[in-house]
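Shown here: model23.pdb, PDB, N, CA and C atoms.
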ATOM      1  N   MET A   1       0.855  -1.183   0.000
ATOM      2  CA  MET A   1       0.000   0.000   0.000
ATOM      3  C   MET A   1       0.895   1.238   0.000
ATOM      4  N   MET A   2       0.554   2.189  -0.862
ATOM      5  CA  MET A   2       1.354   3.402  -0.969
ATOM      6  C   MET A   2       1.035   4.359   0.173
ATOM      7  N   LYS A   3       2.067   5.045   0.653
ATOM      8  CA  LYS A   3       1.870   5.945   1.784
ATOM      9  C   LYS A   3       1.348   7.307   1.354
ATOM     10  N   ILE A   4       1.649   7.733   0.136
ATOM     11  CA  ILE A   4       1.101   8.985  -0.408
ATOM     12  C   ILE A   4       0.338   8.647  -1.668
ATOM     13  N   LYS A   5      -0.911   9.104  -1.709
ATOM     14  CA  LYS A   5      -1.798   8.801  -2.830
ATOM     15  C   LYS A   5      -2.313  10.088  -3.448
ATOM     16  N   GLN A   6      -3.004   9.936  -4.572
ATOM     17  CA  GLN A   6      -3.622  11.076  -5.242
ATOM     18  C   GLN A   6      -4.676  11.705  -4.323
ATOM     19  N   ASN A   7      -4.793  13.029  -4.370
ATOM     20  CA  ASN A   7      -5.719  13.843  -3.575
ATOM     21  C   ASN A   7      -5.329  13.945  -2.111
ATOM     22  N   ASP A   8      -4.153  13.477  -1.706
ATOM     23  CA  ASP A   8      -3.664  13.679  -0.346
ATOM     24  C   ASP A   8      -3.152  15.100  -0.206
ATOM     25  N   GLU A   9      -3.336  15.688   0.967
ATOM     26  CA  GLU A   9      -2.783  17.002   1.254
ATOM     27  C   GLU A   9      -1.387  16.791   1.819
ATOM     28  N   VAL A  10      -0.385  17.394   1.163
ATOM     29  CA  VAL A  10       1.004  17.194   1.558
ATOM     30  C   VAL A  10       1.663  18.536   1.814
ATOM     31  N   ILE A  11       2.754  18.495   2.568
ATOM     32  CA  ILE A  11       3.587  19.672   2.807
ATOM     33  C   ILE A  11       4.954  19.370   2.208
ATOM     34  N   ILE A  12       5.531  20.355   1.541
ATOM     35  CA  ILE A  12       6.824  20.167   0.889
ATOM     36  C   ILE A  12       7.913  20.427   1.923
ATOM     37  N   ILE A  13       8.807  19.456   2.093
ATOM     38  CA  ILE A  13       9.824  19.544   3.146
ATOM     39  C   ILE A  13      11.215  19.828   2.596
ATOM     40  N   ALA A  14      11.379  19.879   1.272
ATOM     41  CA  ALA A  14      12.680  20.187   0.676
ATOM     42  C   ALA A  14      12.464  20.804  -0.700
ATOM     43  N   GLY A  15      13.398  21.662  -1.097
ATOM     44  CA  GLY A  15      13.335  22.279  -2.413
ATOM     45  C   GLY A  15      12.924  23.732  -2.348
ATOM     46  N   LYS A  16      12.692  24.324  -3.531
ATOM     47  CA  LYS A  16      12.420  25.758  -3.605
ATOM     48  C   LYS A  16      11.064  26.141  -3.024
ATOM     49  N   ASP A  17      10.126  25.215  -2.933
ATOM     50  CA  ASP A  17       8.793  25.495  -2.386
ATOM     51  C   ASP A  17       8.634  24.956  -0.967
ATOM     52  N   LYS A  18       9.736  24.824  -0.242
ATOM     53  CA  LYS A  18       9.714  24.242   1.106
ATOM     54  C   LYS A  18       8.737  24.993   2.008
ATOM     55  N   GLY A  19       7.890  24.220   2.717
ATOM     56  CA  GLY A  19       6.935  24.801   3.653
ATOM     57  C   GLY A  19       5.556  25.023   3.076
ATOM     58  N   SER A  20       5.394  24.922   1.764
ATOM     59  CA  SER A  20       4.065  25.149   1.173
ATOM     60  C   SER A  20       3.254  23.859   1.190
ATOM     61  N   ILE A  21       1.942  24.040   1.251
ATOM     62  CA  ILE A  21       1.005  22.919   1.340
ATOM     63  C   ILE A  21       0.217  22.850   0.045
ATOM     64  N   GLY A  22       0.025  21.644  -0.463
ATOM     65  CA  GLY A  22      -0.735  21.464  -1.695
ATOM     66  C   GLY A  22      -1.327  20.074  -1.762
ATOM     67  N   THR A  23      -2.094  19.848  -2.818
ATOM     68  CA  THR A  23      -2.756  18.565  -3.036
ATOM     69  C   THR A  23      -2.031  17.800  -4.130
ATOM     70  N   VAL A  24      -1.855  16.509  -3.938
ATOM     71  CA  VAL A  24      -1.203  15.666  -4.937
ATOM     72  C   VAL A  24      -2.182  15.446  -6.087
ATOM     73  N   THR A  25      -1.761  15.839  -7.308
ATOM     74  CA  THR A  25      -2.628  15.635  -8.467
ATOM     75  C   THR A  25      -2.336  14.305  -9.157
ATOM     76  N   ARG A  26      -1.052  13.891  -9.179
ATOM     77  CA  ARG A  26      -0.701  12.611  -9.791
ATOM     78  C   ARG A  26       0.463  11.986  -9.044
ATOM     79  N   VAL A  27       0.498  10.664  -9.020
ATOM     80  CA  VAL A  27       1.627   9.917  -8.477
ATOM     81  C   VAL A  27       2.243   9.150  -9.638
ATOM     82  N   LEU A  28       3.546   9.392  -9.873
ATOM     83  CA  LEU A  28       4.249   8.771 -10.998
ATOM     84  C   LEU A  28       5.387   7.907 -10.462
ATOM     85  N   GLY A  29       5.054   6.780  -9.881
ATOM     86  CA  GLY A  29       6.071   5.901  -9.306
ATOM     87  C   GLY A  29       6.706   6.523  -8.081
ATOM     88  N   SER A  30       7.975   6.942  -8.210
ATOM     89  CA  SER A  30       8.671   7.553  -7.074
ATOM     90  C   SER A  30       8.612   9.075  -7.123
ATOM     91  N   LYS A  31       7.779   9.630  -7.989
ATOM     92  CA  LYS A  31       7.624  11.081  -8.089
ATOM     93  C   LYS A  31       6.155  11.449  -7.946
ATOM     94  N   VAL A  32       5.906  12.689  -7.513
ATOM     95  CA  VAL A  32       4.539  13.199  -7.383
ATOM     96  C   VAL A  32       4.462  14.578  -8.015
ATOM     97  N   ILE A  33       3.262  14.950  -8.447
ATOM     98  CA  ILE A  33       2.996  16.294  -8.929
ATOM     99  C   ILE A  33       2.055  16.932  -7.923
ATOM    100  N   VAL A  34       2.506  18.063  -7.334
ATOM    101  CA  VAL A  34       1.733  18.768  -6.317
ATOM    102  C   VAL A  34       1.134  20.008  -6.962
ATOM    103  N   GLU A  35      -0.159  20.215  -6.751
ATOM    104  CA  GLU A  35      -0.894  21.303  -7.376
ATOM    105  C   GLU A  35      -0.315  22.662  -6.989
ATOM    106  N   GLY A  36       0.071  23.452  -8.007
ATOM    107  CA  GLY A  36       0.553  24.809  -7.798
ATOM    108  C   GLY A  36       1.974  24.937  -7.290
ATOM    109  N   ASN A  37       2.726  23.855  -7.223
ATOM    110  CA  ASN A  37       4.101  23.895  -6.721
ATOM    111  C   ASN A  37       5.060  23.315  -7.748
ATOM    112  N   ASN A  38       6.347  23.679  -7.605
ATOM    113  CA  ASN A  38       7.416  23.234  -8.498
ATOM    114  C   ASN A  38       7.103  23.620  -9.946
ATOM    115  N   MET A  39       6.757  24.889 -10.144
ATOM    116  CA  MET A  39       6.408  25.395 -11.465
ATOM    117  C   MET A  39       7.666  25.643 -12.292
ATOM    118  N   ALA A  40       7.585  25.372 -13.598
ATOM    119  CA  ALA A  40       8.676  25.627 -14.528
ATOM    120  C   ALA A  40       8.090  26.221 -15.797
ATOM    121  N   LYS A  41       8.873  27.056 -16.460
ATOM    122  CA  LYS A  41       8.430  27.661 -17.710
ATOM    123  C   LYS A  41       8.810  26.750 -18.863
ATOM    124  N   LYS A  42       7.841  26.395 -19.686
ATOM    125  CA  LYS A  42       8.071  25.540 -20.845
ATOM    126  C   LYS A  42       7.741  26.337 -22.103
ATOM    127  N   HIS A  43       8.597  26.250 -23.103
ATOM    128  CA  HIS A  43       8.375  26.950 -24.363
ATOM    129  C   HIS A  43       7.558  26.043 -25.280
ATOM    130  N   ILE A  44       6.448  26.579 -25.770
ATOM    131  CA  ILE A  44       5.526  25.813 -26.612
ATOM    132  C   ILE A  44       5.655  26.302 -28.055
ATOM    133  N   ARG A  45       5.884  25.393 -28.972
ATOM    134  CA  ARG A  45       5.988  25.737 -30.384
ATOM    135  C   ARG A  45       4.588  25.909 -30.970
ATOM    136  N   PRO A  46       4.357  26.941 -31.761
ATOM    137  CA  PRO A  46       3.023  27.109 -32.353
ATOM    138  C   PRO A  46       2.719  26.023 -33.377
ATOM    139  N   ASN A  47       1.474  25.599 -33.426
ATOM    140  CA  ASN A  47       1.011  24.608 -34.396
ATOM    141  C   ASN A  47      -0.372  25.037 -34.877
ATOM    142  N   PRO A  48      -0.447  25.745 -36.003
ATOM    143  CA  PRO A  48      -1.744  26.267 -36.459
ATOM    144  C   PRO A  48      -2.746  25.168 -36.844
ATOM    145  N   GLN A  49      -2.262  23.999 -37.222
ATOM    146  CA  GLN A  49      -3.176  22.922 -37.598
ATOM    147  C   GLN A  49      -3.988  22.436 -36.398
ATOM    148  N   GLU A  50      -3.383  22.452 -35.212
ATOM    149  CA  GLU A  50      -4.083  22.022 -34.001
ATOM    150  C   GLU A  50      -4.626  23.196 -33.204
ATOM    151  N   GLY A  51      -4.385  24.413 -33.677
ATOM    152  CA  GLY A  51      -4.892  25.599 -32.991
ATOM    153  C   GLY A  51      -4.080  26.007 -31.783
ATOM    154  N   ILE A  52      -2.821  25.575 -31.714
ATOM    155  CA  ILE A  52      -1.955  25.931 -30.601
ATOM    156  C   ILE A  52      -1.206  27.202 -30.977
ATOM    157  N   GLN A  53      -1.323  28.226 -30.129
ATOM    158  CA  GLN A  53      -0.743  29.518 -30.443
ATOM    159  C   GLN A  53       0.759  29.555 -30.201
ATOM    160  N   GLY A  54       1.243  28.908 -29.183
ATOM    161  CA  GLY A  54       2.661  28.928 -28.850
ATOM    162  C   GLY A  54       2.965  29.998 -27.823
ATOM    163  N   GLY A  55       4.176  29.995 -27.316
ATOM    164  CA  GLY A  55       4.597  30.967 -26.310
ATOM    165  C   GLY A  55       5.222  30.260 -25.120
ATOM    166  N   ILE A  56       5.191  30.940 -23.970
ATOM    167  CA  ILE A  56       5.775  30.396 -22.747
ATOM    168  C   ILE A  56       4.648  30.023 -21.795
ATOM    169  N   GLU A  57       4.673  28.785 -21.317
ATOM    170  CA  GLU A  57       3.613  28.260 -20.447
ATOM    171  C   GLU A  57       4.235  27.822 -19.118
ATOM    172  N   GLU A  58       3.542  28.078 -18.016
ATOM    173  CA  GLU A  58       3.999  27.579 -16.707
ATOM    174  C   GLU A  58       3.374  26.215 -16.468
ATOM    175  N   LYS A  59       4.193  25.269 -16.048
ATOM    176  CA  LYS A  59       3.743  23.892 -15.902
ATOM    177  C   LYS A  59       4.229  23.324 -14.578
ATOM    178  N   GLU A  60       3.405  22.499 -13.934
ATOM    179  CA  GLU A  60       3.804  21.817 -12.700
ATOM    180  C   GLU A  60       4.695  20.640 -13.071
ATOM    181  N   MET A  61       5.854  20.580 -12.450
ATOM    182  CA  MET A  61       6.802  19.519 -12.750
ATOM    183  C   MET A  61       6.822  18.503 -11.608
ATOM    184  N   PRO A  62       7.151  17.249 -11.911
ATOM    185  CA  PRO A  62       7.214  16.227 -10.857
ATOM    186  C   PRO A  62       8.344  16.499  -9.876
ATOM    187  N   MET A  63       8.138  16.106  -8.626
ATOM    188  CA  MET A  63       9.186  16.181  -7.609
ATOM    189  C   MET A  63       9.269  14.828  -6.922
ATOM    190  N   SER A  64      10.400  14.569  -6.324
ATOM    191  CA  SER A  64      10.616  13.287  -5.671
ATOM    192  C   SER A  64       9.655  13.124  -4.495
ATOM    193  N   ILE A  65       9.181  11.921  -4.314
ATOM    194  CA  ILE A  65       8.228  11.632  -3.232
ATOM    195  C   ILE A  65       8.897  11.801  -1.867
ATOM    196  N   SER A  66      10.232  11.784  -1.836
ATOM    197  CA  SER A  66      10.948  11.976  -0.572
ATOM    198  C   SER A  66      10.960  13.443  -0.142
ATOM    199  N   ASN A  67      10.606  14.352  -1.032
ATOM    200  CA  ASN A  67      10.586  15.779  -0.713
ATOM    201  C   ASN A  67       9.233  16.249  -0.193
ATOM    202  N   VAL A  68       8.280  15.357  -0.055
ATOM    203  CA  VAL A  68       6.967  15.718   0.482
ATOM    204  C   VAL A  68       6.630  14.799   1.648
ATOM    205  N   ALA A  69       5.829  15.322   2.570
ATOM    206  CA  ALA A  69       5.328  14.531   3.696
ATOM    207  C   ALA A  69       3.848  14.815   3.821
ATOM    208  N   ILE A  70       3.094  13.832   4.248
ATOM    209  CA  ILE A  70       1.656  14.017   4.389
ATOM    210  C   ILE A  70       1.386  15.037   5.492
ATOM    211  N   TYR A  71       0.390  15.893   5.279
ATOM    212  CA  TYR A  71       0.063  16.976   6.204
ATOM    213  C   TYR A  71      -1.045  16.523   7.141
ATOM    214  N   ASN A  72      -0.786  16.656   8.447
ATOM    215  CA  ASN A  72      -1.777  16.291   9.450
ATOM    216  C   ASN A  72      -2.524  17.554   9.872
ATOM    217  N   PRO A  73      -3.830  17.679   9.542
ATOM    218  CA  PRO A  73      -4.561  18.908   9.868
ATOM    219  C   PRO A  73      -4.780  19.115  11.365
ATOM    220  N   LYS A  74      -4.762  18.049  12.177
ATOM    221  CA  LYS A  74      -4.957  18.188  13.629
ATOM    222  C   LYS A  74      -3.760  18.875  14.277
ATOM    223  N   THR A  75      -2.546  18.406  13.914
ATOM    224  CA  THR A  75      -1.333  18.976  14.509
ATOM    225  C   THR A  75      -0.775  20.130  13.691
ATOM    226  N   LYS A  76      -1.283  20.307  12.463
ATOM    227  CA  LYS A  76      -0.814  21.343  11.535
ATOM    228  C   LYS A  76       0.682  21.214  11.242
ATOM    229  N   LYS A  77       1.143  19.959  11.106
ATOM    230  CA  LYS A  77       2.540  19.666  10.819
ATOM    231  C   LYS A  77       2.638  18.506   9.840
ATOM    232  N   ALA A  78       3.855  18.283   9.356
ATOM    233  CA  ALA A  78       4.129  17.097   8.552
ATOM    234  C   ALA A  78       4.095  15.881   9.458
ATOM    235  N   ASP A  79       3.698  14.753   8.895
ATOM    236  CA  ASP A  79       3.578  13.545   9.704
ATOM    237  C   ASP A  79       4.022  12.343   8.892
ATOM    238  N   ARG A  80       4.354  11.271   9.604
ATOM    239  CA  ARG A  80       4.680  10.004   8.955
ATOM    240  C   ARG A  80       3.420   9.162   8.884
ATOM    241  N   VAL A  81       3.408   8.209   7.969
ATOM    242  CA  VAL A  81       2.235   7.381   7.730
ATOM    243  C   VAL A  81       2.593   5.921   7.941
ATOM    244  N   GLY A  82       1.720   5.193   8.607
ATOM    245  CA  GLY A  82       1.868   3.762   8.772
ATOM    246  C   GLY A  82       0.664   3.054   8.171
ATOM    247  N   VAL A  83       0.766   1.750   8.039
ATOM    248  CA  VAL A  83      -0.325   0.942   7.497
ATOM    249  C   VAL A  83      -0.685  -0.107   8.534
ATOM    250  N   ARG A  84      -1.968  -0.261   8.793
ATOM    251  CA  ARG A  84      -2.437  -1.268   9.746
ATOM    252  C   ARG A  84      -3.734  -1.873   9.214
ATOM    253  N   VAL A  85      -4.136  -2.978   9.832
ATOM    254  CA  VAL A  85      -5.395  -3.631   9.478
ATOM    255  C   VAL A  85      -6.416  -3.240  10.547
ATOM    256  N   ASN A  86      -7.550  -2.684  10.104
ATOM    257  CA  ASN A  86      -8.565  -2.251  11.079
ATOM    258  C   ASN A  86      -9.445  -3.423  11.507
ATOM    259  N   ASP A  87     -10.494  -3.149  12.274
ATOM    260  CA  ASP A  87     -11.346  -4.208  12.836
ATOM    261  C   ASP A  87     -12.079  -5.013  11.772
ATOM    262  N   GLU A  88     -12.399  -4.383  10.635
ATOM    263  CA  GLU A  88     -13.100  -5.102   9.556
ATOM    264  C   GLU A  88     -12.155  -5.933   8.693
ATOM    265  N   GLY A  89     -10.851  -5.877   8.978
ATOM    266  CA  GLY A  89      -9.873  -6.645   8.207
ATOM    267  C   GLY A  89      -9.414  -5.933   6.951
ATOM    268  N   VAL A  90      -9.598  -4.602   6.886
ATOM    269  CA  VAL A  90      -9.209  -3.816   5.717
ATOM    270  C   VAL A  90      -7.989  -2.984   6.084
ATOM    271  N   LYS A  91      -7.022  -2.906   5.143
ATOM    272  CA  LYS A  91      -5.844  -2.083   5.385
ATOM    273  C   LYS A  91      -6.233  -0.609   5.383
ATOM    274  N   GLU A  92      -5.621   0.158   6.293
ATOM    275  CA  GLU A  92      -5.851   1.595   6.320
ATOM    276  C   GLU A  92      -4.551   2.302   6.670
ATOM    277  N   ARG A  93      -4.422   3.532   6.207
ATOM    278  CA  ARG A  93      -3.263   4.348   6.544
ATOM    279  C   ARG A  93      -3.588   5.157   7.796
ATOM    280  N   PHE A  94      -2.574   5.390   8.631
ATOM    281  CA  PHE A  94      -2.797   6.168   9.848
ATOM    282  C   PHE A  94      -1.592   7.057  10.112
ATOM    283  N   PHE A  95      -1.857   8.161  10.838
ATOM    284  CA  PHE A  95      -0.791   9.075  11.229
ATOM    285  C   PHE A  95      -0.024   8.456  12.396
ATOM    286  N   LYS A  96       1.306   8.474  12.314
ATOM    287  CA  LYS A  96       2.128   7.882  13.362
ATOM    288  C   LYS A  96       2.076   8.698  14.653
ATOM    289  N   SER A  97       1.845  10.018  14.547
ATOM    290  CA  SER A  97       1.902  10.872  15.751
ATOM    291  C   SER A  97       0.721  10.647  16.678
ATOM    292  N   ASN A  98      -0.501  10.546  16.113
ATOM    293  CA  ASN A  98      -1.675  10.419  16.990
ATOM    294  C   ASN A  98      -2.483   9.146  16.734
ATOM    295  N   GLY A  99      -2.120   8.334  15.760
ATOM    296  CA  GLY A  99      -2.785   7.057  15.524
ATOM    297  C   GLY A  99      -4.110   7.153  14.813
ATOM    298  N   GLU A 100      -4.525   8.341  14.355
ATOM    299  CA  GLU A 100      -5.801   8.492  13.644
ATOM    300  C   GLU A 100      -5.657   8.067  12.202
ATOM    301  N   ALA A 101      -6.740   7.591  11.618
ATOM    302  CA  ALA A 101      -6.735   7.148  10.229
ATOM    303  C   ALA A 101      -6.640   8.348   9.290
ATOM    304  N   VAL A 102      -5.935   8.168   8.175
ATOM    305  CA  VAL A 102      -5.822   9.206   7.149
ATOM    306  C   VAL A 102      -7.123   9.203   6.350
ATOM    307  N   ILE A 103      -7.696  10.373   6.186
ATOM    308  CA  ILE A 103      -8.970  10.469   5.439
ATOM    309  C   ILE A 103      -8.701  10.664   3.969
TER     310      ILE A 103
END
What is this file in structure tokens?
Amino acid sequence: MMKIKQNDEVIIIAGKDKGSIGTVTRVLGSKVIVEGNNMAKKHIRPNPQEGIQGGIEEKEMPMSISNVAIYNPKTKKADRVGVRVNDEGVKERFFKSNGEAVI
């Protein structure tokens, strides 16, 4: 079971956007794309056949999954995640600091 999934709220713990909070839009193996963070300027070539005008576009770039930590809204800090089996026999993720399940 993966510890960080799509739509999780994470805090960036390393890099140029350190300290900012965002939502994971995609998980790409060992990399994640966080909404509104790690922006880069990409040059787009015009293509009139497809209706693309061209120019400079800002794009969210992938960052290593080790540079983000799941955000715990109760403690308002970064937290570690564990996996356990609940009473119904289903795996669930939980915060290591307070033992509550990740929503």
Here's the selection I'm unsure about, the PyMOL selection byres (((chain A and resi 19 and name CA) around 12) and name CA); applied to the file above, which residues does it give, as a PDB file with N, CA and C atoms, keeping the file's coordinate frame?
ATOM      1  N   VAL A  10      -0.385  17.394   1.163  1.00  0.00           N
ATOM      2  CA  VAL A  10       1.004  17.194   1.558  1.00  0.00           C
ATOM      3  C   VAL A  10       1.663  18.536   1.814  1.00  0.00           C
ATOM      4  N   ILE A  11       2.754  18.495   2.568  1.00  0.00           N
ATOM      5  CA  ILE A  11       3.587  19.672   2.807  1.00  0.00           C
ATOM      6  C   ILE A  11       4.954  19.370   2.208  1.00  0.00           C
ATOM      7  N   ILE A  12       5.531  20.355   1.541  1.00  0.00           N
ATOM      8  CA  ILE A  12       6.824  20.167   0.889  1.00  0.00           C
ATOM      9  C   ILE A  12       7.913  20.427   1.923  1.00  0.00           C
ATOM     10  N   ILE A  13       8.807  19.456   2.093  1.00  0.00           N
ATOM     11  CA  ILE A  13       9.824  19.544   3.146  1.00  0.00           C
ATOM     12  C   ILE A  13      11.215  19.828   2.596  1.00  0.00           C
ATOM     13  N   ALA A  14      11.379  19.879   1.272  1.00  0.00           N
ATOM     14  CA  ALA A  14      12.680  20.187   0.676  1.00  0.00           C
ATOM     15  C   ALA A  14      12.464  20.804  -0.700  1.00  0.00           C
ATOM     16  N   GLY A  15      13.398  21.662  -1.097  1.00  0.00           N
ATOM     17  CA  GLY A  15      13.335  22.279  -2.413  1.00  0.00           C
ATOM     18  C   GLY A  15      12.924  23.732  -2.348  1.00  0.00           C
ATOM     19  N   LYS A  16      12.692  24.324  -3.531  1.00  0.00           N
ATOM     20  CA  LYS A  16      12.420  25.758  -3.605  1.00  0.00           C
ATOM     21  C   LYS A  16      11.064  26.141  -3.024  1.00  0.00           C
ATOM     22  N   ASP A  17      10.126  25.215  -2.933  1.00  0.00           N
ATOM     23  CA  ASP A  17       8.793  25.495  -2.386  1.00  0.00           C
ATOM     24  C   ASP A  17       8.634  24.956  -0.967  1.00  0.00           C
ATOM     25  N   LYS A  18       9.736  24.824  -0.242  1.00  0.00           N
ATOM     26  CA  LYS A  18       9.714  24.242   1.106  1.00  0.00           C
ATOM     27  C   LYS A  18       8.737  24.993   2.008  1.00  0.00           C
ATOM     28  N   SER A  20       5.394  24.922   1.764  1.00  0.00           N
ATOM     29  CA  SER A  20       4.065  25.149   1.173  1.00  0.00           C
ATOM     30  C   SER A  20       3.254  23.859   1.190  1.00  0.00           C
ATOM     31  N   ILE A  21       1.942  24.040   1.251  1.00  0.00           N
ATOM     32  CA  ILE A  21       1.005  22.919   1.340  1.00  0.00           C
ATOM     33  C   ILE A  21       0.217  22.850   0.045  1.00  0.00           C
ATOM     34  N   GLY A  22       0.025  21.644  -0.463  1.00  0.00           N
ATOM     35  CA  GLY A  22      -0.735  21.464  -1.695  1.00  0.00           C
ATOM     36  C   GLY A  22      -1.327  20.074  -1.762  1.00  0.00           C
ATOM     37  N   ASN A  37       2.726  23.855  -7.223  1.00  0.00           N
ATOM     38  CA  ASN A  37       4.101  23.895  -6.721  1.00  0.00           C
ATOM     39  C   ASN A  37       5.060  23.315  -7.748  1.00  0.00           C
ATOM     40  N   ASN A  67      10.606  14.352  -1.032  1.00  0.00           N
ATOM     41  CA  ASN A  67      10.586  15.779  -0.713  1.00  0.00           C
ATOM     42  C   ASN A  67       9.233  16.249  -0.193  1.00  0.00           C
ATOM     43  N   VAL A  68       8.280  15.357  -0.055  1.00  0.00           N
ATOM     44  CA  VAL A  68       6.967  15.718   0.482  1.00  0.00           C
ATOM     45  C   VAL A  68       6.630  14.799   1.648  1.00  0.00           C
ATOM     46  N   ALA A  69       5.829  15.322   2.570  1.00  0.00           N
ATOM     47  CA  ALA A  69       5.328  14.531   3.696  1.00  0.00           C
ATOM     48  C   ALA A  69       3.848  14.815   3.821  1.00  0.00           C
ATOM     49  N   TYR A  71       0.390  15.893   5.279  1.00  0.00           N
ATOM     50  CA  TYR A  71       0.063  16.976   6.204  1.00  0.00           C
ATOM     51  C   TYR A  71      -1.045  16.523   7.141  1.00  0.00           C
ATOM     52  N   LYS A  76      -1.283  20.307  12.463  1.00  0.00           N
ATOM     53  CA  LYS A  76      -0.814  21.343  11.535  1.00  0.00           C
ATOM     54  C   LYS A  76       0.682  21.214  11.242  1.00  0.00           C
ATOM     55  N   LYS A  77       1.143  19.959  11.106  1.00  0.00           N
ATOM     56  CA  LYS A  77       2.540  19.666  10.819  1.00  0.00           C
ATOM     57  C   LYS A  77       2.638  18.506   9.840  1.00  0.00           C
ATOM     58  N   ALA A  78       3.855  18.283   9.356  1.00  0.00           N
ATOM     59  CA  ALA A  78       4.129  17.097   8.552  1.00  0.00           C
ATOM     60  C   ALA A  78       4.095  15.881   9.458  1.00  0.00           C
TER      61      ALA A  78
END
Excluding same-chain residues fewer than 2 positions from Met61 in chain A, what lies within 6 Å of it counting all atoms listed in the file, as a VMD selection string?
-> chain A and resid 32 to 33 37 to 40 59 63
Please produce an output containing N, CA and C atoms for each residue in the selection, written as a PDB file, in the coordinates of the input.
ATOM      1  N   VAL A  32       5.906  12.689  -7.513  1.00  0.00           N
ATOM      2  CA  VAL A  32       4.539  13.199  -7.383  1.00  0.00           C
ATOM      3  C   VAL A  32       4.462  14.578  -8.015  1.00  0.00           C
ATOM      4  N   ILE A  33       3.262  14.950  -8.447  1.00  0.00           N
ATOM      5  CA  ILE A  33       2.996  16.294  -8.929  1.00  0.00           C
ATOM      6  C   ILE A  33       2.055  16.932  -7.923  1.00  0.00           C
ATOM      7  N   ASN A  37       2.726  23.855  -7.223  1.00  0.00           N
ATOM      8  CA  ASN A  37       4.101  23.895  -6.721  1.00  0.00           C
ATOM      9  C   ASN A  37       5.060  23.315  -7.748  1.00  0.00           C
ATOM     10  N   ASN A  38       6.347  23.679  -7.605  1.00  0.00           N
ATOM     11  CA  ASN A  38       7.416  23.234  -8.498  1.00  0.00           C
ATOM     12  C   ASN A  38       7.103  23.620  -9.946  1.00  0.00           C
ATOM     13  N   MET A  39       6.757  24.889 -10.144  1.00  0.00           N
ATOM     14  CA  MET A  39       6.408  25.395 -11.465  1.00  0.00           C
ATOM     15  C   MET A  39       7.666  25.643 -12.292  1.00  0.00           C
ATOM     16  N   ALA A  40       7.585  25.372 -13.598  1.00  0.00           N
ATOM     17  CA  ALA A  40       8.676  25.627 -14.528  1.00  0.00           C
ATOM     18  C   ALA A  40       8.090  26.221 -15.797  1.00  0.00           C
ATOM     19  N   LYS A  59       4.193  25.269 -16.048  1.00  0.00           N
ATOM     20  CA  LYS A  59       3.743  23.892 -15.902  1.00  0.00           C
ATOM     21  C   LYS A  59       4.229  23.324 -14.578  1.00  0.00           C
ATOM     22  N   MET A  63       8.138  16.106  -8.626  1.00  0.00           N
ATOM     23  CA  MET A  63       9.186  16.181  -7.609  1.00  0.00           C
ATOM     24  C   MET A  63       9.269  14.828  -6.922  1.00  0.00           C
TER      25      MET A  63
END
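Going from CA of Lys96 in chain A over to CA of Lys3 in chain A, you cover 11.7 Å.
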Identify which of the residues A:Val24, A:Gly55, A:Glu60, A:Asn98 lies closest to Ile4 in chain A, counting only N, CA and C atoms when measuring atom-to-atom distances.
->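 Smallest separation from Ile4 in chain A among the options: A:Val24.
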Name all residues at most 6 Å from Arg93 in chain A (count only C-alpha atoms; drop same-chain ones fewer than 4 positions away) and give them as a VMD selection string.
-> chain A and resid 82 to 83 101 to 102
For CA of Val90 in chain A and CA of Lys5 in chain A, the interatomic separation in Å (one decimal) |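 So the answer is 16.9 Å.
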Members of chain A assigned strand (DSSP E) by DSSP, as a ChimeraX atom specification = /A:9-12,21-28,31-34,39-44,55-60,63-64,68-72,77-79,81-85,91-95
Can you work out the spacing between atom C of Glu35 in chain A and atom N of Glu57 in chain A in Å, to one decimal?
-> 16.4 Å
Just the residues within 9 Å of Ser97 in chain A, please, counting only C-alpha atoms, with nothing from its chain fewer than 3 positions along; format it as a ChimeraX atom specification.
-> /A:75,79-81,94,100
Could you dump the residues just selected with N, CA and C atoms as a tab-separated table (two decimals), keeping the file's coordinate frame?
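Final output, again.tsv:
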chain	number	residue	atom	x	y	z
A	75	THR	N	-2.55	18.41	13.91
A	75	THR	CA	-1.33	18.98	14.51
A	75	THR	C	-0.78	20.13	13.69
A	79	ASP	N	3.70	14.75	8.90
A	79	ASP	CA	3.58	13.54	9.70
A	79	ASP	C	4.02	12.34	8.89
A	80	ARG	N	4.35	11.27	9.60
A	80	ARG	CA	4.68	10.00	8.96
A	80	ARG	C	3.42	9.16	8.88
A	81	VAL	N	3.41	8.21	7.97
A	81	VAL	CA	2.24	7.38	7.73
A	81	VAL	C	2.59	5.92	7.94
A	94	PHE	N	-2.57	5.39	8.63
A	94	PHE	CA	-2.80	6.17	9.85
A	94	PHE	C	-1.59	7.06	10.11
A	100	GLU	N	-4.53	8.34	14.36
A	100	GLU	CA	-5.80	8.49	13.64
A	100	GLU	C	-5.66	8.07	12.20
From A:Ile103, A:Glu50, A:Pro62, A:Gly89, residue lying nearest Val34 in chain A [all atoms listed in the file] =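 For Val34 in chain A, the nearest of the candidates is A:Pro62.
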